[in-house]
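Here's the structure we're looking at; comments come further down.
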Amino acid sequence: MSVLEDIQQGIITYKPPLVKQACEQAVAQGMGPREIVQEGLIAGMAVVGAKFRRNEVFVPEVMIAARAMHAGLDVVKPLLAHSEIEPVGTVVLGTVKGDLHDIGKNLVAMMLEGAGFRVFDLGIDTPVERFIQAIQENKPQIVGMSSLITNTLPRVGETIEALQQAGLRNQVKVMVGGAPVSQSFADQVGADAYAADASSAVEKAKELLGLA
Amino acid sequence: MKQARVRFLPGGQEVACPSGATVREAAALAGLEVEGPCAGQGTCGKCRVRLSDPAGEPTTAEREHLTAAELAHGYRLACQVAPHDGLVRVELGWRTYRPEGKVLLSCRSGEVAVDSGVRRRTVELPPPSLADQRPDDLRLAAQLGGGTMLPRELLGRLPGLLRGAGMRLAVVEDGRQVLELGPPPGDGLWGLAADLGTTSLVVGLFDLESGRSLGVAARGNPQARHGADVLSRIQQAGRPGGATELRRLVLEAVNELARELATAAGGVPERIFRAVLVGNTAMEQLFLEVDPTPLGEAPYVGALGGGFSGAAEEVGLAAHRRARVRVFPTVAGYVGGDTVAMLLAAGMRPGSRARLAVDVGTNGEMALAWAGGILTCSAAAGPAFEGANLRDGMRAEPGAVAAVRLTDGDLSLRVLGDVPVRGVCGSGIIDLLAVLRRAGAVDETGRLRSPGEVRLPAGLARRLMETEEGRALRLADGSVRDVCLTQADVRQVQLAKGAIQAGIDLLLREAGLAPSDLREVLLAGTFGNHLDRKSARDLGLLPQVPLGRIRFVGNAAFEGARLALLNHRMEEEADRLARSCRHLELSGHPGFEEAFLAGMAFPPLEAGR
């Protein structure tokens, strides 16, 4: 088995130490960071993502797989600084104001990173101003908003409205998600895309950027 | 466009459907409740009905929740589809039709020393004379004892009463407060205990002198038309007129039950001289029309830490106007007076015997009592155990699979009522998953295994199938639609179970205890009625303790209300309990994510045996 396959296998079988070890080996062999990330880490996460979409694996496994991927990224990171790996896109992500739900949003962040996006995670209970500030600073192509309870759903529309007011709405695509969110809700608040789960969030993000 | 008429089957009710109105709205006009946990927002997909003449294009919501085959057979969502003209027949079926059931329950309850503080006595006053010119109030006070408080209205009637009744008066007192004065009335002092549940209301009438139950009645909470869960009610309360309407709905329903119980007991509600009501924080606030909006968003702060005490007249309760109405104190935004009542009924107090009490619902409430005190927490389990987000999930109603065993290599299903299988309720889904776990058909991560990868009993293997949406297990055949457990359903149960398990886990960790330290695990609430202890424990929903330590305590919230009604020291104990509980907030708790992720897995098969 090649070292890239080892990296993939480490992610697919949820073994962070194996991924770390295989990445170190790949670096020692002189493999470029781009190849390790693309053909090893991202390819491994793609397999896990596809299984997640088919419900074959669930949140805990995806979380461990993502940790395994991060274990590998930590090895490669020092080399990345010297090479030019362009992220496929930049995403600013947060759970809306008044909502403290973290896990689903974290999962989306991890899956996006696993697919090669650069992610700025604003965390939970995110005020509108934080979204605006993060967009101005990081110039993302996509803003993701999560709301897990019906009571904070209005915050999604309000945040989109505030982006409009701030003159930022045309600069970004807006994706929404969370348990009470639906396609019809997304249409209603004028979001560009709705993703039902972390895995389809990746697909939708790629679609929005014309990559899929 | 002509106005449509809608005839609902199987009941045959017929109504004119206003132009543009949905089937759900038409059903409301016909006095029918169409099930819909999301209150008609099109997000839950539970209000599936079949139309003889489906009008118009399916909405996005309908396409999300119905298959092409179902749409072709006329299945639509009642909250989305609007009949356009002519007579449209709408089959509601069992799954969607929920008559406003009124159930008379027998009261299962423990012994309590009856001392409600409400008493009546007949006093005989010496007639006034030139030699004894004491004023009427002092004349009465001398008989009643010091410190008695007489309301203005009774004071106003006193001179007439004394002279009309020949100086013999019946007095009803609550502590030092005189509630009623008059000619000796009919016999019996009554009290009302109520559990204001998000789903159902339970009301009981009791004799305050003997403690005897005069009847207990329950019905669905009519607020459900504004959403099945507490959060949608909170949202509704924030709309113009919403809070007033929600209060009216619950108050009228409780009053109706009170009047029915009083009539059945041969009297009028005016004989009710004390009432104790418990509910979760939001339900209590809605009952009193105290704005619950802050409960809907972080930091989830409620307004009834001390509960409420006031006259029935002020509250609007069908009882004697001066009867004292007590609404239980709450611990936190999502640990309400019903949990305090559960603690009271279960006799939870700090002590060396560590005990855990769990009420599994859409919101799970947990309390741990041990030598270090009482800790509480709440975890949002979602509606999986009520069936709302499962493909064929339903409440424990006719047609629901309520228990599952493995017999001769195949599933044997116990179905509620004498009707074909229509879905699975909470206890059924727990049983089913436990059976599948033991048979090896579901692994620790919750994945349904294929017949190829593990040797399964033949009957079980035949039920497994691959569908477009992934693997599934067929429970019963249907003409258009089989009743199935899907892989996605298992995931929903894992989320619900993970939340409860994380809550229990973090309580134990906070107290520095292990599951084996628990001397008793109490399971409260309606979910416990059909639940199999072993199945619940084997799936990890309940901690890994010997089965003998797991006990169902039924509707402990109602029982707690009854205890506080019949004994005023119990009411004081409830206040003490509420104040002594330390609440562990799980939102943003640093250990929650790990505990939640760990809680989603199923325990290894050897565990706890």
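Note on naming: chains are A, B, ... as they come in the structure tokens, residues start from 1 per chain, ligands start from 1 in the order shown.
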
Exercise for the section: Just need the residues of chain B within 8 Å of chain A, counting only C-alpha atoms, so spit them out as an MDAnalysis selection string. Expected result: chainID B and resid 43 60:61 231:232 234:235 296:299 445:448 469:470 487:488 491 587:588 593 597:598 600:601

Exercise for the section: Find the distance between CA of Leu577 in chain B and CA of Ala258 in chain B and write it in Å to one decimal. Expected result: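 So the two atoms, CA of Leu577 in chain B and CA of Ala258 in chain B, lie 28.1 Å apart.
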
Problem - For range 82-96 of chain A: contacts at 8 Å, only C-alpha atoms, fewer than 2 positions along chain excluded, given as number ranges by chain - result: A: 33-34, 78-80, 98-102, 105, 109, 116-128, 131, 134-135, 138-147, 152, 155-156, 159, 209

Take the residues from that selection and write them out as a short mmCIF file (atom, residue, chain, number, x, y, z; two decimals), in the first residue's frame, keeping C-alpha atoms.
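Written out: selection-v3.cif:
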```cif
data_model
loop_
_atom_site.label_atom_id
_atom_site.label_comp_id
_atom_site.auth_asym_id
_atom_site.auth_seq_id
_atom_site.Cartn_x
_atom_site.Cartn_y
_atom_site.Cartn_z
CA PRO A 33 2.37 19.01 0.81
CA ARG A 34 -0.11 19.65 -1.97
CA PRO A 78 4.80 23.94 8.40
CA LEU A 79 5.49 22.97 4.79
CA LEU A 80 2.30 24.56 3.50
CA GLY A 98 -29.26 33.47 20.70
CA ASP A 99 -28.43 29.94 19.63
CA LEU A 100 -25.77 27.93 21.45
CA HIS A 101 -25.77 24.83 19.25
CA ASP A 102 -22.29 23.94 18.21
CA LYS A 105 -21.94 23.67 12.66
CA ALA A 109 -16.69 23.30 9.24
CA GLY A 116 -10.18 21.90 0.81
CA PHE A 117 -12.04 25.03 1.89
CA ARG A 118 -10.57 27.60 4.22
CA VAL A 119 -13.05 28.04 7.06
CA PHE A 120 -13.43 30.87 9.54
CA ASP A 121 -15.65 29.52 12.30
CA LEU A 122 -17.25 32.36 14.29
CA GLY A 123 -18.63 29.92 16.85
CA ILE A 124 -22.05 30.10 18.52
CA ASP A 125 -24.35 32.96 19.55
CA THR A 126 -22.90 35.07 16.75
CA PRO A 127 -24.09 38.68 16.60
CA VAL A 128 -24.71 40.21 13.19
CA PHE A 131 -20.59 38.20 10.64
CA ALA A 134 -15.54 38.59 9.48
CA ILE A 135 -16.75 39.12 5.90
CA ASN A 138 -11.62 37.55 5.33
CA LYS A 139 -13.40 38.21 2.05
CA PRO A 140 -15.15 34.84 1.90
CA GLN A 141 -17.14 33.72 -1.13
CA ILE A 142 -19.64 31.99 1.15
CA VAL A 143 -21.27 32.77 4.50
CA GLY A 144 -22.90 29.88 6.36
CA MET A 145 -25.49 30.37 9.09
CA SER A 146 -26.86 27.74 11.39
CA SER A 147 -29.96 27.82 13.59
CA THR A 152 -33.69 31.64 16.59
CA ARG A 155 -32.14 35.65 13.40
CA VAL A 156 -31.14 34.02 10.08
CA THR A 159 -28.57 38.50 9.60
CA LEU A 209 -18.65 28.35 -6.58
#
```

Exercise for the section: Quote the spacing between CA of Arg549 in chain B and CA of Ala524 in chain B in Å to one decimal place. Expected result: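 Atom-to-atom, CA of Arg549 in chain B to CA of Ala524 in chain B, that is 14.1 Å.
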
Exercise for the section: Rank A:Leu112, A:Met69, A:Ala186, A:Cys23 by their smallest atom-to-atom distance to Leu41 in chain A, using only C-alpha atoms, and report the top residue only. Expected result: A:Met69

Handout entry: Polymer residues at most 12 Å from Gln544 in chain B, only C-alpha atoms, same-chain spacing of 3 or more positions, as a PyMOL selection string
Key = chain B and resi 501+504-505+514-521+533-541+547-550+602-609

I'd like the contact shell of Ala371 in chain B - 7 Å cut-off, only C-alpha atoms, skipping same-chain residues fewer than 4 positions apart - returned as a PDB file with all heavy atoms, in the first residue's frame.
```pdb
ATOM      1  N   PRO B 350     -30.737  15.058  49.277  1.00  0.00           N
ATOM      2  CA  PRO B 350     -29.328  14.699  49.408  1.00  0.00           C
ATOM      3  C   PRO B 350     -29.162  13.561  50.409  1.00  0.00           C
ATOM      4  O   PRO B 350     -29.841  13.540  51.439  1.00  0.00           O
ATOM      5  CB  PRO B 350     -28.682  15.993  49.934  1.00  0.00           C
ATOM      6  CG  PRO B 350     -29.621  17.083  49.548  1.00  0.00           C
ATOM      7  CD  PRO B 350     -30.980  16.476  49.585  1.00  0.00           C
ATOM      8  N   GLY B 351     -28.308  12.605  50.095  1.00  0.00           N
ATOM      9  CA  GLY B 351     -28.113  11.481  51.013  1.00  0.00           C
ATOM     10  C   GLY B 351     -27.086  10.531  50.449  1.00  0.00           C
ATOM     11  O   GLY B 351     -26.660  10.660  49.294  1.00  0.00           O
ATOM     12  N   SER B 352     -26.696   9.570  51.260  1.00  0.00           N
ATOM     13  CA  SER B 352     -25.605   8.685  50.840  1.00  0.00           C
ATOM     14  C   SER B 352     -26.048   7.726  49.739  1.00  0.00           C
ATOM     15  O   SER B 352     -25.219   7.215  48.983  1.00  0.00           O
ATOM     16  CB  SER B 352     -25.083   7.909  52.044  1.00  0.00           C
ATOM     17  OG  SER B 352     -26.165   7.271  52.685  1.00  0.00           O
TER      18      SER B 352
END
```

Exercise for the section: Find the spatial neighbours of Leu51 in chain B, counting only C-alpha atoms, within a cut-off of 7 Å - ignore same-chain residues fewer than 5 positions away - and output them as a PyMOL selection string. Expected result: chain B and resi 74-75+88-91

Can you write just those residues out, C-alpha atoms, as a JSON list (two decimals), in the first residue's frame?
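Full text of result.json as output:
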```json
[["chain", "number", "residue", "atom", "x", "y", "z"],
["B", 74, "GLY", "CA", -52.91, 11.42, -3.95],
["B", 75, "TYR", "CA", -50.92, 11.72, -0.74],
["B", 88, "VAL", "CA", -62.87, 16.67, -2.11],
["B", 89, "ARG", "CA", -62.65, 13.60, 0.04],
["B", 90, "VAL", "CA", -59.76, 13.60, 2.50],
["B", 91, "GLU", "CA", -58.66, 10.41, 4.19]]
```

Practice task
Would you kindly return, as a count of residues only, each protein, DNA or RNA residue with an atom no farther than 9 Å from any atom of Gln80 in chain B, considering only C-alpha atoms and excluding same-chain residues fewer than 4 positions away?
Solution key: 11

Practice task
Using backbone DSSP assignments, extract all helix (DSSP H, G or I) residues from chain A; output them as a PyMOL selection string.
Solution key: chain A and resi 3-12+16-28+33-53+59-80+103-114+128-138+150-165+169-171+183-189+198-208

Exercise for the section: List every residue of range 21-150 of chain A that DSSP, applied to the backbone, labels as strand (DSSP E or B), and write the result as a VMD selection string. Expected result: chain A and resid 89 to 96 117 to 121 126 142 to 146

Could those residues be written to a file, using N, CA, C and O atoms, as a PDB file, in the first residue's frame?
```
ATOM      1  N   GLY A  89     -11.965  27.518  -1.728  1.00  0.00           N
ATOM      2  CA  GLY A  89     -12.837  28.647  -1.453  1.00  0.00           C
ATOM      3  C   GLY A  89     -12.742  29.012   0.012  1.00  0.00           C
ATOM      4  O   GLY A  89     -12.147  28.274   0.797  1.00  0.00           O
ATOM      5  N   THR A  90     -13.286  30.189   0.368  1.00  0.00           N
ATOM      6  CA  THR A  90     -13.241  30.625   1.763  1.00  0.00           C
ATOM      7  C   THR A  90     -14.673  30.756   2.276  1.00  0.00           C
ATOM      8  O   THR A  90     -15.540  31.303   1.600  1.00  0.00           O
ATOM      9  N   VAL A  91     -14.888  30.230   3.495  1.00  0.00           N
ATOM     10  CA  VAL A  91     -16.228  30.235   4.086  1.00  0.00           C
ATOM     11  C   VAL A  91     -16.157  30.838   5.481  1.00  0.00           C
ATOM     12  O   VAL A  91     -15.285  30.484   6.268  1.00  0.00           O
ATOM     13  N   VAL A  92     -17.081  31.755   5.757  1.00  0.00           N
ATOM     14  CA  VAL A  92     -17.270  32.250   7.120  1.00  0.00           C
ATOM     15  C   VAL A  92     -18.537  31.587   7.659  1.00  0.00           C
ATOM     16  O   VAL A  92     -19.559  31.536   6.972  1.00  0.00           O
ATOM     17  N   LEU A  93     -18.444  31.044   8.872  1.00  0.00           N
ATOM     18  CA  LEU A  93     -19.496  30.159   9.369  1.00  0.00           C
ATOM     19  C   LEU A  93     -19.827  30.498  10.815  1.00  0.00           C
ATOM     20  O   LEU A  93     -18.926  30.796  11.597  1.00  0.00           O
ATOM     21  N   GLY A  94     -21.096  30.459  11.171  1.00  0.00           N
ATOM     22  CA  GLY A  94     -21.432  30.675  12.573  1.00  0.00           C
ATOM     23  C   GLY A  94     -22.863  30.270  12.885  1.00  0.00           C
ATOM     24  O   GLY A  94     -23.710  30.208  12.002  1.00  0.00           O
ATOM     25  N   THR A  95     -23.108  29.959  14.165  1.00  0.00           N
ATOM     26  CA  THR A  95     -24.471  29.752  14.650  1.00  0.00           C
ATOM     27  C   THR A  95     -25.016  31.121  15.034  1.00  0.00           C
ATOM     28  O   THR A  95     -24.309  31.920  15.654  1.00  0.00           O
ATOM     29  N   VAL A  96     -26.275  31.394  14.668  1.00  0.00           N
ATOM     30  CA  VAL A  96     -26.806  32.748  14.817  1.00  0.00           C
ATOM     31  C   VAL A  96     -26.980  33.153  16.281  1.00  0.00           C
ATOM     32  O   VAL A  96     -26.972  32.319  17.184  1.00  0.00           O
ATOM     33  N   PHE A 117     -11.643  23.638   1.662  1.00  0.00           N
ATOM     34  CA  PHE A 117     -12.035  25.029   1.886  1.00  0.00           C
ATOM     35  C   PHE A 117     -11.244  25.610   3.042  1.00  0.00           C
ATOM     36  O   PHE A 117     -10.827  24.894   3.953  1.00  0.00           O
ATOM     37  N   ARG A 118     -11.078  26.933   3.028  1.00  0.00           N
ATOM     38  CA  ARG A 118     -10.566  27.597   4.219  1.00  0.00           C
ATOM     39  C   ARG A 118     -11.794  28.085   4.988  1.00  0.00           C
ATOM     40  O   ARG A 118     -12.676  28.730   4.416  1.00  0.00           O
ATOM     41  N   VAL A 119     -11.845  27.751   6.280  1.00  0.00           N
ATOM     42  CA  VAL A 119     -13.048  28.038   7.058  1.00  0.00           C
ATOM     43  C   VAL A 119     -12.722  28.966   8.223  1.00  0.00           C
ATOM     44  O   VAL A 119     -11.772  28.724   8.970  1.00  0.00           O
ATOM     45  N   PHE A 120     -13.500  30.031   8.347  1.00  0.00           N
ATOM     46  CA  PHE A 120     -13.428  30.873   9.536  1.00  0.00           C
ATOM     47  C   PHE A 120     -14.684  30.616  10.360  1.00  0.00           C
ATOM     48  O   PHE A 120     -15.784  30.994   9.960  1.00  0.00           O
ATOM     49  N   ASP A 121     -14.513  29.914  11.468  1.00  0.00           N
ATOM     50  CA  ASP A 121     -15.648  29.521  12.300  1.00  0.00           C
ATOM     51  C   ASP A 121     -15.856  30.565  13.390  1.00  0.00           C
ATOM     52  O   ASP A 121     -15.020  30.741  14.264  1.00  0.00           O
ATOM     53  N   THR A 126     -23.658  34.097  17.518  1.00  0.00           N
ATOM     54  CA  THR A 126     -22.895  35.070  16.749  1.00  0.00           C
ATOM     55  C   THR A 126     -23.726  36.306  16.409  1.00  0.00           C
ATOM     56  O   THR A 126     -24.694  36.220  15.657  1.00  0.00           O
ATOM     57  N   ILE A 142     -18.410  32.569   0.583  1.00  0.00           N
ATOM     58  CA  ILE A 142     -19.635  31.989   1.150  1.00  0.00           C
ATOM     59  C   ILE A 142     -19.746  32.309   2.637  1.00  0.00           C
ATOM     60  O   ILE A 142     -18.755  32.282   3.357  1.00  0.00           O
ATOM     61  N   VAL A 143     -20.993  32.622   3.072  1.00  0.00           N
ATOM     62  CA  VAL A 143     -21.274  32.767   4.499  1.00  0.00           C
ATOM     63  C   VAL A 143     -22.290  31.698   4.878  1.00  0.00           C
ATOM     64  O   VAL A 143     -23.323  31.555   4.220  1.00  0.00           O
ATOM     65  N   GLY A 144     -21.981  30.923   5.902  1.00  0.00           N
ATOM     66  CA  GLY A 144     -22.895  29.882   6.359  1.00  0.00           C
ATOM     67  C   GLY A 144     -23.492  30.266   7.688  1.00  0.00           C
ATOM     68  O   GLY A 144     -22.800  30.747   8.576  1.00  0.00           O
ATOM     69  N   MET A 145     -24.823  30.057   7.821  1.00  0.00           N
ATOM     70  CA  MET A 145     -25.491  30.365   9.090  1.00  0.00           C
ATOM     71  C   MET A 145     -26.271  29.156   9.546  1.00  0.00           C
ATOM     72  O   MET A 145     -26.955  28.515   8.756  1.00  0.00           O
ATOM     73  N   SER A 146     -26.169  28.888  10.834  1.00  0.00           N
ATOM     74  CA  SER A 146     -26.859  27.737  11.386  1.00  0.00           C
ATOM     75  C   SER A 146     -27.811  28.191  12.484  1.00  0.00           C
ATOM     76  O   SER A 146     -27.498  29.084  13.268  1.00  0.00           O
TER      77      SER A 146
END
```

Exercise for the section: May I ask for the distance between CA of Gly599 in chain B and CA of Ala502 in chain B, given in Å to one decimal place? Expected result: 5.7 Å
